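Participant: For reference, this is final.txt, and it has compact mmCIF, N, CA and C atoms.
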# COMPACT_ATOMS: atom_id res chain seq x y z
N MET B 1 -10.41 -31.57 -30.42
CA MET B 1 -10.33 -32.73 -31.29
C MET B 1 -11.51 -32.71 -32.25
N VAL B 2 -11.27 -33.09 -33.48
CA VAL B 2 -12.32 -33.17 -34.49
C VAL B 2 -13.17 -34.40 -34.20
N PRO B 3 -14.50 -34.25 -34.18
CA PRO B 3 -15.34 -35.42 -33.92
C PRO B 3 -15.15 -36.47 -35.01
N ARG B 4 -15.09 -37.71 -34.59
CA ARG B 4 -14.90 -38.81 -35.53
C ARG B 4 -16.26 -39.27 -36.06
N LEU B 5 -16.26 -39.76 -37.27
CA LEU B 5 -17.46 -40.34 -37.85
C LEU B 5 -17.71 -41.71 -37.23
N PRO B 6 -18.94 -42.18 -37.26
CA PRO B 6 -19.21 -43.51 -36.69
C PRO B 6 -18.41 -44.59 -37.43
N LEU B 7 -17.96 -45.56 -36.69
CA LEU B 7 -17.23 -46.69 -37.27
C LEU B 7 -18.25 -47.79 -37.52
N ILE B 8 -18.56 -48.04 -38.76
CA ILE B 8 -19.61 -49.00 -39.14
C ILE B 8 -18.97 -50.26 -39.70
N GLY B 9 -19.44 -51.42 -39.22
CA GLY B 9 -19.01 -52.69 -39.77
C GLY B 9 -17.62 -53.14 -39.37
N ARG B 10 -17.06 -52.57 -38.35
CA ARG B 10 -15.69 -52.90 -37.95
C ARG B 10 -15.57 -53.32 -36.49
N SER B 11 -16.67 -53.70 -35.87
CA SER B 11 -16.62 -54.01 -34.43
C SER B 11 -15.71 -55.20 -34.13
N ALA B 12 -15.71 -56.22 -34.98
CA ALA B 12 -14.84 -57.38 -34.73
C ALA B 12 -13.37 -56.99 -34.86
N LEU B 13 -13.03 -56.22 -35.88
CA LEU B 13 -11.64 -55.78 -36.04
C LEU B 13 -11.22 -54.85 -34.91
N ARG B 14 -12.13 -53.99 -34.50
CA ARG B 14 -11.84 -53.07 -33.39
C ARG B 14 -11.56 -53.85 -32.11
N ALA B 15 -12.35 -54.87 -31.86
CA ALA B 15 -12.14 -55.71 -30.68
C ALA B 15 -10.81 -56.47 -30.78
N HIS B 16 -10.48 -56.92 -31.98
CA HIS B 16 -9.22 -57.65 -32.18
C HIS B 16 -8.02 -56.74 -31.90
N VAL B 17 -8.06 -55.52 -32.43
CA VAL B 17 -6.97 -54.56 -32.17
C VAL B 17 -6.88 -54.24 -30.68
N ALA B 18 -8.03 -54.06 -30.03
CA ALA B 18 -8.04 -53.79 -28.59
C ALA B 18 -7.40 -54.94 -27.82
N ALA B 19 -7.69 -56.16 -28.23
CA ALA B 19 -7.10 -57.32 -27.56
C ALA B 19 -5.58 -57.36 -27.77
N LEU B 20 -5.13 -57.01 -28.97
CA LEU B 20 -3.69 -56.96 -29.22
C LEU B 20 -3.02 -55.90 -28.35
N LEU B 21 -3.65 -54.73 -28.25
CA LEU B 21 -3.10 -53.67 -27.41
C LEU B 21 -3.11 -54.08 -25.94
N ASP B 22 -4.20 -54.68 -25.50
CA ASP B 22 -4.29 -55.16 -24.11
C ASP B 22 -3.23 -56.22 -23.82
N GLY B 23 -2.90 -57.00 -24.86
CA GLY B 23 -1.90 -58.05 -24.71
C GLY B 23 -0.47 -57.54 -24.79
N GLY B 24 -0.29 -56.25 -25.00
CA GLY B 24 1.05 -55.67 -25.00
C GLY B 24 1.72 -55.58 -26.35
N ALA B 25 0.99 -55.79 -27.43
CA ALA B 25 1.60 -55.68 -28.76
C ALA B 25 2.22 -54.30 -28.94
N ARG B 26 3.42 -54.28 -29.47
CA ARG B 26 4.12 -53.00 -29.67
C ARG B 26 4.01 -52.49 -31.10
N LEU B 27 3.74 -53.39 -32.04
CA LEU B 27 3.62 -53.00 -33.44
C LEU B 27 2.42 -53.72 -34.05
N ILE B 28 1.40 -52.94 -34.35
CA ILE B 28 0.21 -53.47 -35.00
C ILE B 28 0.09 -52.75 -36.33
N THR B 29 0.04 -53.52 -37.41
CA THR B 29 -0.09 -52.94 -38.73
C THR B 29 -1.44 -53.31 -39.31
N LEU B 30 -2.23 -52.28 -39.62
CA LEU B 30 -3.51 -52.47 -40.28
C LEU B 30 -3.25 -52.40 -41.78
N CYS B 31 -3.45 -53.52 -42.47
CA CYS B 31 -3.13 -53.61 -43.89
C CYS B 31 -4.39 -53.79 -44.72
N GLY B 32 -4.39 -53.17 -45.88
CA GLY B 32 -5.50 -53.33 -46.81
C GLY B 32 -5.38 -52.33 -47.93
N PRO B 33 -6.26 -52.49 -48.92
CA PRO B 33 -6.21 -51.57 -50.06
C PRO B 33 -6.64 -50.16 -49.68
N ALA B 34 -6.29 -49.22 -50.53
CA ALA B 34 -6.69 -47.83 -50.32
C ALA B 34 -8.21 -47.76 -50.22
N GLY B 35 -8.68 -46.99 -49.26
CA GLY B 35 -10.11 -46.80 -49.10
C GLY B 35 -10.82 -47.88 -48.31
N SER B 36 -10.08 -48.83 -47.75
CA SER B 36 -10.72 -49.93 -47.02
C SER B 36 -11.11 -49.56 -45.60
N GLY B 37 -10.64 -48.43 -45.11
CA GLY B 37 -11.01 -47.99 -43.77
C GLY B 37 -9.93 -48.18 -42.72
N LYS B 38 -8.69 -48.38 -43.13
CA LYS B 38 -7.59 -48.59 -42.19
C LYS B 38 -7.42 -47.41 -41.25
N SER B 39 -7.40 -46.21 -41.83
CA SER B 39 -7.19 -45.01 -41.02
C SER B 39 -8.33 -44.80 -40.04
N HIS B 40 -9.53 -44.94 -40.51
CA HIS B 40 -10.71 -44.76 -39.66
C HIS B 40 -10.66 -45.73 -38.49
N LEU B 41 -10.32 -46.98 -38.77
CA LEU B 41 -10.20 -48.00 -37.72
C LEU B 41 -9.07 -47.66 -36.76
N ALA B 42 -7.94 -47.24 -37.29
CA ALA B 42 -6.79 -46.92 -36.43
C ALA B 42 -7.13 -45.80 -35.45
N TRP B 43 -7.75 -44.75 -35.94
CA TRP B 43 -8.06 -43.62 -35.06
C TRP B 43 -9.15 -43.98 -34.06
N ALA B 44 -10.09 -44.83 -34.45
CA ALA B 44 -11.11 -45.28 -33.49
C ALA B 44 -10.45 -46.10 -32.38
N CYS B 45 -9.51 -46.96 -32.75
CA CYS B 45 -8.80 -47.76 -31.74
C CYS B 45 -7.95 -46.87 -30.86
N PHE B 46 -7.32 -45.86 -31.43
CA PHE B 46 -6.55 -44.90 -30.65
C PHE B 46 -7.44 -44.21 -29.63
N ASP B 47 -8.61 -43.77 -30.07
CA ASP B 47 -9.56 -43.12 -29.16
C ASP B 47 -9.94 -44.05 -28.01
N ASP B 48 -10.04 -45.34 -28.30
CA ASP B 48 -10.41 -46.32 -27.27
C ASP B 48 -9.37 -46.42 -26.16
N VAL B 49 -8.10 -46.24 -26.49
CA VAL B 49 -7.02 -46.45 -25.51
C VAL B 49 -6.32 -45.17 -25.07
N ASP B 50 -6.65 -44.05 -25.67
CA ASP B 50 -5.91 -42.83 -25.40
C ASP B 50 -6.29 -42.25 -24.04
N ASP B 51 -5.65 -42.78 -23.00
CA ASP B 51 -5.87 -42.24 -21.66
C ASP B 51 -4.60 -41.57 -21.13
N GLY B 52 -3.63 -41.39 -22.03
CA GLY B 52 -2.40 -40.71 -21.66
C GLY B 52 -1.34 -41.62 -21.07
N SER B 53 -1.68 -42.87 -20.77
CA SER B 53 -0.71 -43.74 -20.13
C SER B 53 -0.28 -44.91 -21.02
N VAL B 54 -0.94 -45.09 -22.12
CA VAL B 54 -0.69 -46.27 -22.94
C VAL B 54 0.50 -46.11 -23.87
N GLY B 55 0.73 -44.92 -24.37
CA GLY B 55 1.88 -44.68 -25.25
C GLY B 55 1.70 -45.21 -26.65
N VAL B 56 0.47 -45.21 -27.16
CA VAL B 56 0.22 -45.66 -28.52
C VAL B 56 0.32 -44.48 -29.46
N VAL B 57 1.06 -44.67 -30.55
CA VAL B 57 1.20 -43.65 -31.59
C VAL B 57 0.65 -44.23 -32.89
N VAL B 58 -0.19 -43.46 -33.57
CA VAL B 58 -0.70 -43.88 -34.87
C VAL B 58 0.22 -43.33 -35.95
N VAL B 59 0.68 -44.21 -36.82
CA VAL B 59 1.48 -43.81 -37.99
C VAL B 59 0.59 -44.12 -39.19
N ASP B 60 -0.12 -43.11 -39.63
CA ASP B 60 -1.13 -43.28 -40.67
C ASP B 60 -0.54 -43.11 -42.06
N ASP B 61 -1.02 -43.92 -42.99
CA ASP B 61 -0.60 -43.84 -44.39
C ASP B 61 0.92 -44.00 -44.51
N ALA B 62 1.42 -45.08 -43.92
CA ALA B 62 2.86 -45.27 -43.76
C ALA B 62 3.52 -46.08 -44.87
N ASP B 63 2.95 -46.06 -46.06
CA ASP B 63 3.53 -46.85 -47.15
C ASP B 63 4.94 -46.40 -47.52
N ALA B 64 5.25 -45.15 -47.28
CA ALA B 64 6.59 -44.64 -47.61
C ALA B 64 7.58 -44.78 -46.45
N VAL B 65 7.11 -45.27 -45.31
CA VAL B 65 7.98 -45.46 -44.15
C VAL B 65 8.63 -46.83 -44.24
N SER B 66 9.94 -46.88 -44.08
CA SER B 66 10.65 -48.15 -44.23
C SER B 66 10.54 -48.99 -42.95
N ALA B 67 10.61 -50.29 -43.13
CA ALA B 67 10.61 -51.21 -42.00
C ALA B 67 11.79 -50.93 -41.09
N GLU B 68 12.93 -50.56 -41.67
CA GLU B 68 14.13 -50.27 -40.88
C GLU B 68 13.90 -49.08 -39.96
N ASP B 69 13.22 -48.05 -40.46
CA ASP B 69 12.93 -46.87 -39.64
C ASP B 69 12.00 -47.22 -38.48
N VAL B 70 11.00 -48.04 -38.76
CA VAL B 70 10.06 -48.45 -37.71
C VAL B 70 10.79 -49.28 -36.66
N ALA B 71 11.61 -50.23 -37.10
CA ALA B 71 12.36 -51.08 -36.17
C ALA B 71 13.30 -50.25 -35.31
N ALA B 72 13.97 -49.28 -35.92
CA ALA B 72 14.89 -48.43 -35.17
C ALA B 72 14.15 -47.62 -34.12
N ARG B 73 12.98 -47.11 -34.47
CA ARG B 73 12.20 -46.32 -33.53
C ARG B 73 11.74 -47.18 -32.35
N LEU B 74 11.28 -48.40 -32.64
CA LEU B 74 10.84 -49.31 -31.57
C LEU B 74 12.00 -49.72 -30.67
N ASP B 75 13.17 -49.94 -31.28
CA ASP B 75 14.35 -50.31 -30.49
C ASP B 75 14.81 -49.15 -29.60
N ALA B 76 14.66 -47.92 -30.08
CA ALA B 76 15.12 -46.75 -29.33
C ALA B 76 14.22 -46.43 -28.14
N ASP B 77 12.96 -46.80 -28.23
CA ASP B 77 12.00 -46.49 -27.16
C ASP B 77 11.21 -47.74 -26.83
N ARG B 78 11.62 -48.46 -25.80
CA ARG B 78 11.00 -49.74 -25.44
C ARG B 78 9.56 -49.59 -24.97
N GLY B 79 9.15 -48.37 -24.61
CA GLY B 79 7.77 -48.16 -24.18
C GLY B 79 6.84 -47.75 -25.31
N LEU B 80 7.40 -47.52 -26.49
CA LEU B 80 6.61 -47.08 -27.64
C LEU B 80 5.78 -48.21 -28.21
N ARG B 81 4.56 -47.89 -28.56
CA ARG B 81 3.67 -48.84 -29.24
C ARG B 81 3.11 -48.15 -30.47
N LEU B 82 3.23 -48.80 -31.63
CA LEU B 82 2.82 -48.20 -32.89
C LEU B 82 1.61 -48.92 -33.48
N LEU B 83 0.66 -48.13 -33.94
CA LEU B 83 -0.49 -48.60 -34.69
C LEU B 83 -0.34 -47.99 -36.08
N VAL B 84 0.05 -48.83 -37.04
CA VAL B 84 0.46 -48.37 -38.37
C VAL B 84 -0.59 -48.75 -39.41
N THR B 85 -0.85 -47.83 -40.34
CA THR B 85 -1.71 -48.17 -41.48
C THR B 85 -0.88 -48.13 -42.75
N ARG B 86 -1.01 -49.17 -43.53
CA ARG B 86 -0.31 -49.25 -44.82
C ARG B 86 -0.92 -50.36 -45.67
N ARG B 87 -0.54 -50.42 -46.90
CA ARG B 87 -1.13 -51.42 -47.80
C ARG B 87 -0.55 -52.82 -47.61
N ARG B 88 0.70 -52.89 -47.17
CA ARG B 88 1.36 -54.19 -46.98
C ARG B 88 2.04 -54.24 -45.61
N PRO B 89 2.20 -55.44 -45.07
CA PRO B 89 2.90 -55.56 -43.77
C PRO B 89 4.34 -55.08 -43.87
N LEU B 90 4.89 -54.70 -42.72
CA LEU B 90 6.29 -54.31 -42.64
C LEU B 90 7.21 -55.53 -42.62
N ARG B 91 6.66 -56.65 -42.20
CA ARG B 91 7.41 -57.92 -42.08
C ARG B 91 8.52 -57.84 -41.05
N LEU B 92 8.17 -57.24 -39.91
CA LEU B 92 9.11 -57.15 -38.80
C LEU B 92 8.77 -58.19 -37.73
N ARG B 93 9.78 -58.58 -36.97
CA ARG B 93 9.58 -59.50 -35.86
C ARG B 93 8.56 -58.91 -34.89
N ASP B 94 7.68 -59.72 -34.42
CA ASP B 94 6.65 -59.33 -33.45
C ASP B 94 5.58 -58.38 -34.01
N GLU B 95 5.55 -58.20 -35.32
CA GLU B 95 4.51 -57.37 -35.91
C GLU B 95 3.20 -58.16 -35.92
N ALA B 96 2.14 -57.53 -35.41
CA ALA B 96 0.80 -58.10 -35.48
C ALA B 96 0.12 -57.47 -36.69
N VAL B 97 -0.22 -58.29 -37.67
CA VAL B 97 -0.84 -57.79 -38.89
C VAL B 97 -2.34 -58.03 -38.82
N VAL B 98 -3.11 -56.96 -39.04
CA VAL B 98 -4.57 -57.04 -39.07
C VAL B 98 -4.99 -56.64 -40.48
N VAL B 99 -5.62 -57.56 -41.18
CA VAL B 99 -6.07 -57.29 -42.55
C VAL B 99 -7.41 -56.58 -42.51
N VAL B 100 -7.47 -55.43 -43.17
CA VAL B 100 -8.70 -54.65 -43.24
C VAL B 100 -9.22 -54.75 -44.68
N ALA B 101 -10.19 -55.62 -44.87
CA ALA B 101 -10.78 -55.82 -46.20
C ALA B 101 -11.93 -54.83 -46.39
N GLY B 102 -12.46 -54.80 -47.58
CA GLY B 102 -13.60 -53.94 -47.85
C GLY B 102 -14.81 -54.37 -47.04
N LEU B 103 -15.74 -53.46 -46.87
CA LEU B 103 -16.97 -53.76 -46.13
C LEU B 103 -17.88 -54.66 -46.95
N ASP B 104 -18.73 -55.41 -46.25
CA ASP B 104 -19.75 -56.16 -46.98
C ASP B 104 -20.78 -55.16 -47.50
N VAL B 105 -21.65 -55.61 -48.37
CA VAL B 105 -22.59 -54.71 -49.06
C VAL B 105 -23.48 -53.96 -48.07
N ASP B 106 -24.02 -54.65 -47.08
CA ASP B 106 -24.91 -53.99 -46.12
C ASP B 106 -24.20 -52.90 -45.33
N ASP B 107 -22.98 -53.20 -44.88
CA ASP B 107 -22.22 -52.19 -44.13
C ASP B 107 -21.80 -51.03 -45.03
N ALA B 108 -21.42 -51.32 -46.27
CA ALA B 108 -21.05 -50.26 -47.21
C ALA B 108 -22.25 -49.34 -47.46
N PHE B 109 -23.42 -49.93 -47.60
CA PHE B 109 -24.62 -49.11 -47.80
C PHE B 109 -24.90 -48.26 -46.56
N ALA B 110 -24.70 -48.83 -45.37
CA ALA B 110 -24.92 -48.09 -44.13
C ALA B 110 -23.96 -46.90 -44.04
N VAL B 111 -22.71 -47.10 -44.44
CA VAL B 111 -21.74 -46.00 -44.44
C VAL B 111 -22.18 -44.92 -45.42
N PHE B 112 -22.58 -45.34 -46.63
CA PHE B 112 -23.02 -44.38 -47.63
C PHE B 112 -24.21 -43.58 -47.13
N ALA B 113 -25.18 -44.26 -46.55
CA ALA B 113 -26.37 -43.59 -46.04
C ALA B 113 -26.02 -42.62 -44.92
N ASP B 114 -25.12 -43.03 -44.03
CA ASP B 114 -24.70 -42.16 -42.94
C ASP B 114 -24.03 -40.90 -43.47
N ARG B 115 -23.11 -41.06 -44.43
CA ARG B 115 -22.39 -39.91 -44.97
C ARG B 115 -23.31 -39.00 -45.78
N ALA B 116 -24.22 -39.59 -46.57
CA ALA B 116 -25.15 -38.78 -47.35
C ALA B 116 -26.07 -38.00 -46.43
N GLY B 117 -26.55 -38.63 -45.38
CA GLY B 117 -27.41 -37.94 -44.43
C GLY B 117 -26.69 -36.85 -43.68
N ALA B 118 -25.41 -37.08 -43.38
CA ALA B 118 -24.63 -36.07 -42.68
C ALA B 118 -24.33 -34.87 -43.59
N ALA B 119 -24.14 -35.15 -44.87
CA ALA B 119 -23.84 -34.07 -45.82
C ALA B 119 -25.06 -33.19 -46.07
N ASP B 120 -26.22 -33.81 -46.11
CA ASP B 120 -27.45 -33.06 -46.38
C ASP B 120 -28.60 -33.82 -45.73
N ALA B 121 -29.12 -33.28 -44.65
CA ALA B 121 -30.16 -33.96 -43.88
C ALA B 121 -31.38 -34.31 -44.73
N ARG B 122 -31.60 -33.59 -45.83
CA ARG B 122 -32.73 -33.91 -46.71
C ARG B 122 -32.59 -35.30 -47.32
N HIS B 123 -31.36 -35.80 -47.40
CA HIS B 123 -31.12 -37.11 -48.01
C HIS B 123 -31.23 -38.25 -47.02
N ALA B 124 -31.21 -37.96 -45.75
CA ALA B 124 -31.18 -39.02 -44.73
C ALA B 124 -32.36 -39.97 -44.87
N SER B 125 -33.55 -39.45 -45.10
CA SER B 125 -34.73 -40.31 -45.17
C SER B 125 -34.74 -41.19 -46.41
N LEU B 126 -33.99 -40.84 -47.43
CA LEU B 126 -33.96 -41.65 -48.65
C LEU B 126 -33.26 -42.99 -48.45
N PHE B 127 -32.42 -43.06 -47.43
CA PHE B 127 -31.57 -44.24 -47.25
C PHE B 127 -31.96 -45.09 -46.06
N ARG B 128 -33.02 -44.79 -45.41
CA ARG B 128 -33.45 -45.61 -44.27
C ARG B 128 -33.93 -46.94 -44.77
N THR B 129 -33.51 -48.00 -44.07
CA THR B 129 -33.94 -49.35 -44.45
C THR B 129 -34.96 -49.89 -43.49
Spit out the file's structure as structure tokens when you get a sec.
Facilitator:
Amino acid sequence: MVPRLPLIGRSALRAHVAALLDGGARLITLCGPAGSGKSHLAWACFDDVDDGSVGVVVVDDADAVSAEDVAARLDADRGLRLLVTRRRPLRLRDEAVVVVAGLDVDDAFAVFADRAGAADARHASLFRT
């Protein structure tokens, strides 16, 4: 598995998704604009629950996937649980929608500093606060 980057500024959303999964939600859609961190959050949440018994599938970048296709898949497999990322909700019954907005300025700066430092360690000290 490819190591994941740190998830910065999303602890509340991560906890919310975990609670939805713990509560048995079968369809969770992470919605927000491009670049807001939906995919990163989805994969972090998947890593949190991926013990082989939960049956969670991530459908990433699913803007071209129709609501009808998702509903048919859920109806066909009652044990399936989907964690979907897209810009808008599917508007299906029992869909739990989690809005992923942009990061606040401090968290955005922390992400930038982390990525710059990872790309070139010489830059890491420039961004320490």
Participant: Can you list, as a PDB file with N, CA and C atoms, in the frame of the given file, every protein, DNA or RNA residue that comes within 9 Å of B:Ile28 when you count only C-alpha atoms, leaving out same-chain residues fewer than 4 positions away?
Facilitator:
ATOM      1  N   VAL B  17      -8.060 -55.520 -32.430  1.00  0.00           N
ATOM      2  CA  VAL B  17      -6.970 -54.560 -32.170  1.00  0.00           C
ATOM      3  C   VAL B  17      -6.880 -54.240 -30.680  1.00  0.00           C
ATOM      4  N   LEU B  20      -5.130 -57.010 -28.970  1.00  0.00           N
ATOM      5  CA  LEU B  20      -3.690 -56.960 -29.220  1.00  0.00           C
ATOM      6  C   LEU B  20      -3.020 -55.900 -28.350  1.00  0.00           C
ATOM      7  N   LEU B  21      -3.650 -54.730 -28.250  1.00  0.00           N
ATOM      8  CA  LEU B  21      -3.100 -53.670 -27.410  1.00  0.00           C
ATOM      9  C   LEU B  21      -3.110 -54.080 -25.940  1.00  0.00           C
ATOM     10  N   ARG B  81       4.560 -47.890 -28.560  1.00  0.00           N
ATOM     11  CA  ARG B  81       3.670 -48.840 -29.240  1.00  0.00           C
ATOM     12  C   ARG B  81       3.110 -48.150 -30.470  1.00  0.00           C
ATOM     13  N   LEU B  82       3.230 -48.800 -31.630  1.00  0.00           N
ATOM     14  CA  LEU B  82       2.820 -48.200 -32.890  1.00  0.00           C
ATOM     15  C   LEU B  82       1.610 -48.920 -33.480  1.00  0.00           C
ATOM     16  N   LEU B  83       0.660 -48.130 -33.940  1.00  0.00           N
ATOM     17  CA  LEU B  83      -0.490 -48.600 -34.690  1.00  0.00           C
ATOM     18  C   LEU B  83      -0.340 -47.990 -36.080  1.00  0.00           C
ATOM     19  N   VAL B  84       0.050 -48.830 -37.040  1.00  0.00           N
ATOM     20  CA  VAL B  84       0.460 -48.370 -38.370  1.00  0.00           C
ATOM     21  C   VAL B  84      -0.590 -48.750 -39.410  1.00  0.00           C
ATOM     22  N   THR B  85      -0.850 -47.830 -40.340  1.00  0.00           N
ATOM     23  CA  THR B  85      -1.710 -48.170 -41.480  1.00  0.00           C
ATOM     24  C   THR B  85      -0.880 -48.130 -42.750  1.00  0.00           C
ATOM     25  N   ASP B  94       7.680 -59.720 -34.420  1.00  0.00           N
ATOM     26  CA  ASP B  94       6.650 -59.330 -33.450  1.00  0.00           C
ATOM     27  C   ASP B  94       5.580 -58.380 -34.010  1.00  0.00           C
ATOM     28  N   GLU B  95       5.550 -58.200 -35.320  1.00  0.00           N
ATOM     29  CA  GLU B  95       4.510 -57.370 -35.910  1.00  0.00           C
ATOM     30  C   GLU B  95       3.200 -58.160 -35.920  1.00  0.00           C
ATOM     31  N   ALA B  96       2.140 -57.530 -35.410  1.00  0.00           N
ATOM     32  CA  ALA B  96       0.800 -58.100 -35.480  1.00  0.00           C
ATOM     33  C   ALA B  96       0.120 -57.470 -36.690  1.00  0.00           C
ATOM     34  N   VAL B  97      -0.220 -58.290 -37.670  1.00  0.00           N
ATOM     35  CA  VAL B  97      -0.840 -57.790 -38.890  1.00  0.00           C
ATOM     36  C   VAL B  97      -2.340 -58.030 -38.820  1.00  0.00           C
ATOM     37  N   VAL B  98      -3.110 -56.960 -39.040  1.00  0.00           N
ATOM     38  CA  VAL B  98      -4.570 -57.040 -39.070  1.00  0.00           C
ATOM     39  C   VAL B  98      -4.990 -56.640 -40.480  1.00  0.00           C
TER      40      VAL B  98
END
Participant: As a PyMOL selection string, list the residues of stretch 8-107 of chain B assigned to alpha helix (DSSP H) by DSSP on the backbone atoms of this structure.
Facilitator: chain B and resi 11-22+38-49+67-76+105-107
Participant: Closest to B:Ala15 among B:Leu90, B:Ala64, B:Cys45, B:Leu30, using only N, CA and C atoms?
Facilitator: B:Cys45
Participant: Let me make sure I understand: among B:Ala25, B:Val111, B:Val58, B:Cys31, which one has the smallest atom-to-atom distance to B:Val99 if we use only N, CA and C atoms?
Facilitator: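 Looking at the shortest contact to B:Val99, the residue is B:Cys31.
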Participant: As an exercise, work out the distance from atom C of B:Ser36 to atom CA of B:Gly102 in Å and give it to one decimal place.
Facilitator: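 So the two atoms, atom C of B:Ser36 and atom CA of B:Gly102, lie 5.5 Å apart.
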Participant: Atom CA of B:Val49 and atom CA of B:Asp61, how far apart in Å?
Facilitator: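 Between these atoms lies a distance of 20.1 Å.
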Participant: When DSSP works through the backbone of this structure, what residues of chain B end up as strand (DSSP E or B), shown as a PyMOL selection string?
Facilitator: chain B and resi 27-31+56-59+81-86+95-99
Participant: Given the choices B:Ala62, B:Leu41, B:Ala116, B:Val105, which gets closest to B:Arg87 if the distance is worked out from only C-alpha atoms?
Facilitator: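 Of B:Ala62, B:Leu41, B:Ala116, B:Val105, the one nearest B:Arg87 is B:Ala62, counting only C-alpha atoms.
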Participant: From the set B:Val70, B:Val100, B:Ala119, B:Ala76, which residue has the shortest atom-to-atom contact distance to B:Ser11, counting only C-alpha atoms?
Facilitator: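 So, comparing all the options, the nearest one is B:Val100.
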Participant: Centre and edge lengths, as AutoDock Vina command-line options, for the axis-aligned box enclosing every listed atom of stretch 22-31 of chain B with 6 Å of padding on each of the six sides, in Å to one decimal?
Facilitator:
--center_x -0.1 --center_y -55.2 --center_z -34.3 --size_x 20.5 --size_y 17.8 --size_z 32.9
Participant: Rebuild stretch 15-26 of chain B so that it carries N, CA, C and O atoms, then output the result as a PDB file, in the frame of the given file.
Facilitator:
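Full text of result20.pdb as output:
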ATOM      1  N   ALA B  15     -12.350 -54.870 -31.860  1.00  0.00           N
ATOM      2  CA  ALA B  15     -12.140 -55.710 -30.680  1.00  0.00           C
ATOM      3  C   ALA B  15     -10.810 -56.470 -30.780  1.00  0.00           C
ATOM      4  O   ALA B  15     -10.103 -56.633 -29.778  1.00  0.00           O
ATOM      5  N   HIS B  16     -10.480 -56.920 -31.980  1.00  0.00           N
ATOM      6  CA  HIS B  16      -9.220 -57.650 -32.180  1.00  0.00           C
ATOM      7  C   HIS B  16      -8.020 -56.740 -31.900  1.00  0.00           C
ATOM      8  O   HIS B  16      -7.072 -57.134 -31.213  1.00  0.00           O
ATOM      9  N   VAL B  17      -8.060 -55.520 -32.430  1.00  0.00           N
ATOM     10  CA  VAL B  17      -6.970 -54.560 -32.170  1.00  0.00           C
ATOM     11  C   VAL B  17      -6.880 -54.240 -30.680  1.00  0.00           C
ATOM     12  O   VAL B  17      -5.789 -54.185 -30.108  1.00  0.00           O
ATOM     13  N   ALA B  18      -8.030 -54.060 -30.030  1.00  0.00           N
ATOM     14  CA  ALA B  18      -8.040 -53.790 -28.590  1.00  0.00           C
ATOM     15  C   ALA B  18      -7.400 -54.940 -27.820  1.00  0.00           C
ATOM     16  O   ALA B  18      -6.628 -54.700 -26.885  1.00  0.00           O
ATOM     17  N   ALA B  19      -7.690 -56.160 -28.230  1.00  0.00           N
ATOM     18  CA  ALA B  19      -7.100 -57.320 -27.560  1.00  0.00           C
ATOM     19  C   ALA B  19      -5.580 -57.360 -27.770  1.00  0.00           C
ATOM     20  O   ALA B  19      -4.834 -57.687 -26.843  1.00  0.00           O
ATOM     21  N   LEU B  20      -5.130 -57.010 -28.970  1.00  0.00           N
ATOM     22  CA  LEU B  20      -3.690 -56.960 -29.220  1.00  0.00           C
ATOM     23  C   LEU B  20      -3.020 -55.900 -28.350  1.00  0.00           C
ATOM     24  O   LEU B  20      -1.959 -56.134 -27.769  1.00  0.00           O
ATOM     25  N   LEU B  21      -3.650 -54.730 -28.250  1.00  0.00           N
ATOM     26  CA  LEU B  21      -3.100 -53.670 -27.410  1.00  0.00           C
ATOM     27  C   LEU B  21      -3.110 -54.080 -25.940  1.00  0.00           C
ATOM     28  O   LEU B  21      -2.131 -53.865 -25.225  1.00  0.00           O
ATOM     29  N   ASP B  22      -4.200 -54.680 -25.500  1.00  0.00           N
ATOM     30  CA  ASP B  22      -4.290 -55.160 -24.110  1.00  0.00           C
ATOM     31  C   ASP B  22      -3.230 -56.220 -23.820  1.00  0.00           C
ATOM     32  O   ASP B  22      -2.742 -56.324 -22.701  1.00  0.00           O
ATOM     33  N   GLY B  23      -2.900 -57.000 -24.860  1.00  0.00           N
ATOM     34  CA  GLY B  23      -1.900 -58.050 -24.710  1.00  0.00           C
ATOM     35  C   GLY B  23      -0.470 -57.540 -24.790  1.00  0.00           C
ATOM     36  O   GLY B  23       0.480 -58.322 -24.694  1.00  0.00           O
ATOM     37  N   GLY B  24      -0.290 -56.250 -25.000  1.00  0.00           N
ATOM     38  CA  GLY B  24       1.050 -55.670 -25.000  1.00  0.00           C
ATOM     39  C   GLY B  24       1.720 -55.580 -26.350  1.00  0.00           C
ATOM     40  O   GLY B  24       2.925 -55.317 -26.417  1.00  0.00           O
ATOM     41  N   ALA B  25       0.990 -55.790 -27.430  1.00  0.00           N
ATOM     42  CA  ALA B  25       1.600 -55.680 -28.760  1.00  0.00           C
ATOM     43  C   ALA B  25       2.220 -54.300 -28.940  1.00  0.00           C
ATOM     44  O   ALA B  25       1.612 -53.295 -28.591  1.00  0.00           O
ATOM     45  N   ARG B  26       3.420 -54.280 -29.470  1.00  0.00           N
ATOM     46  CA  ARG B  26       4.120 -53.000 -29.670  1.00  0.00           C
ATOM     47  C   ARG B  26       4.010 -52.490 -31.100  1.00  0.00           C
ATOM     48  O   ARG B  26       4.211 -51.314 -31.353  1.00  0.00           O
TER      49      ARG B  26
END
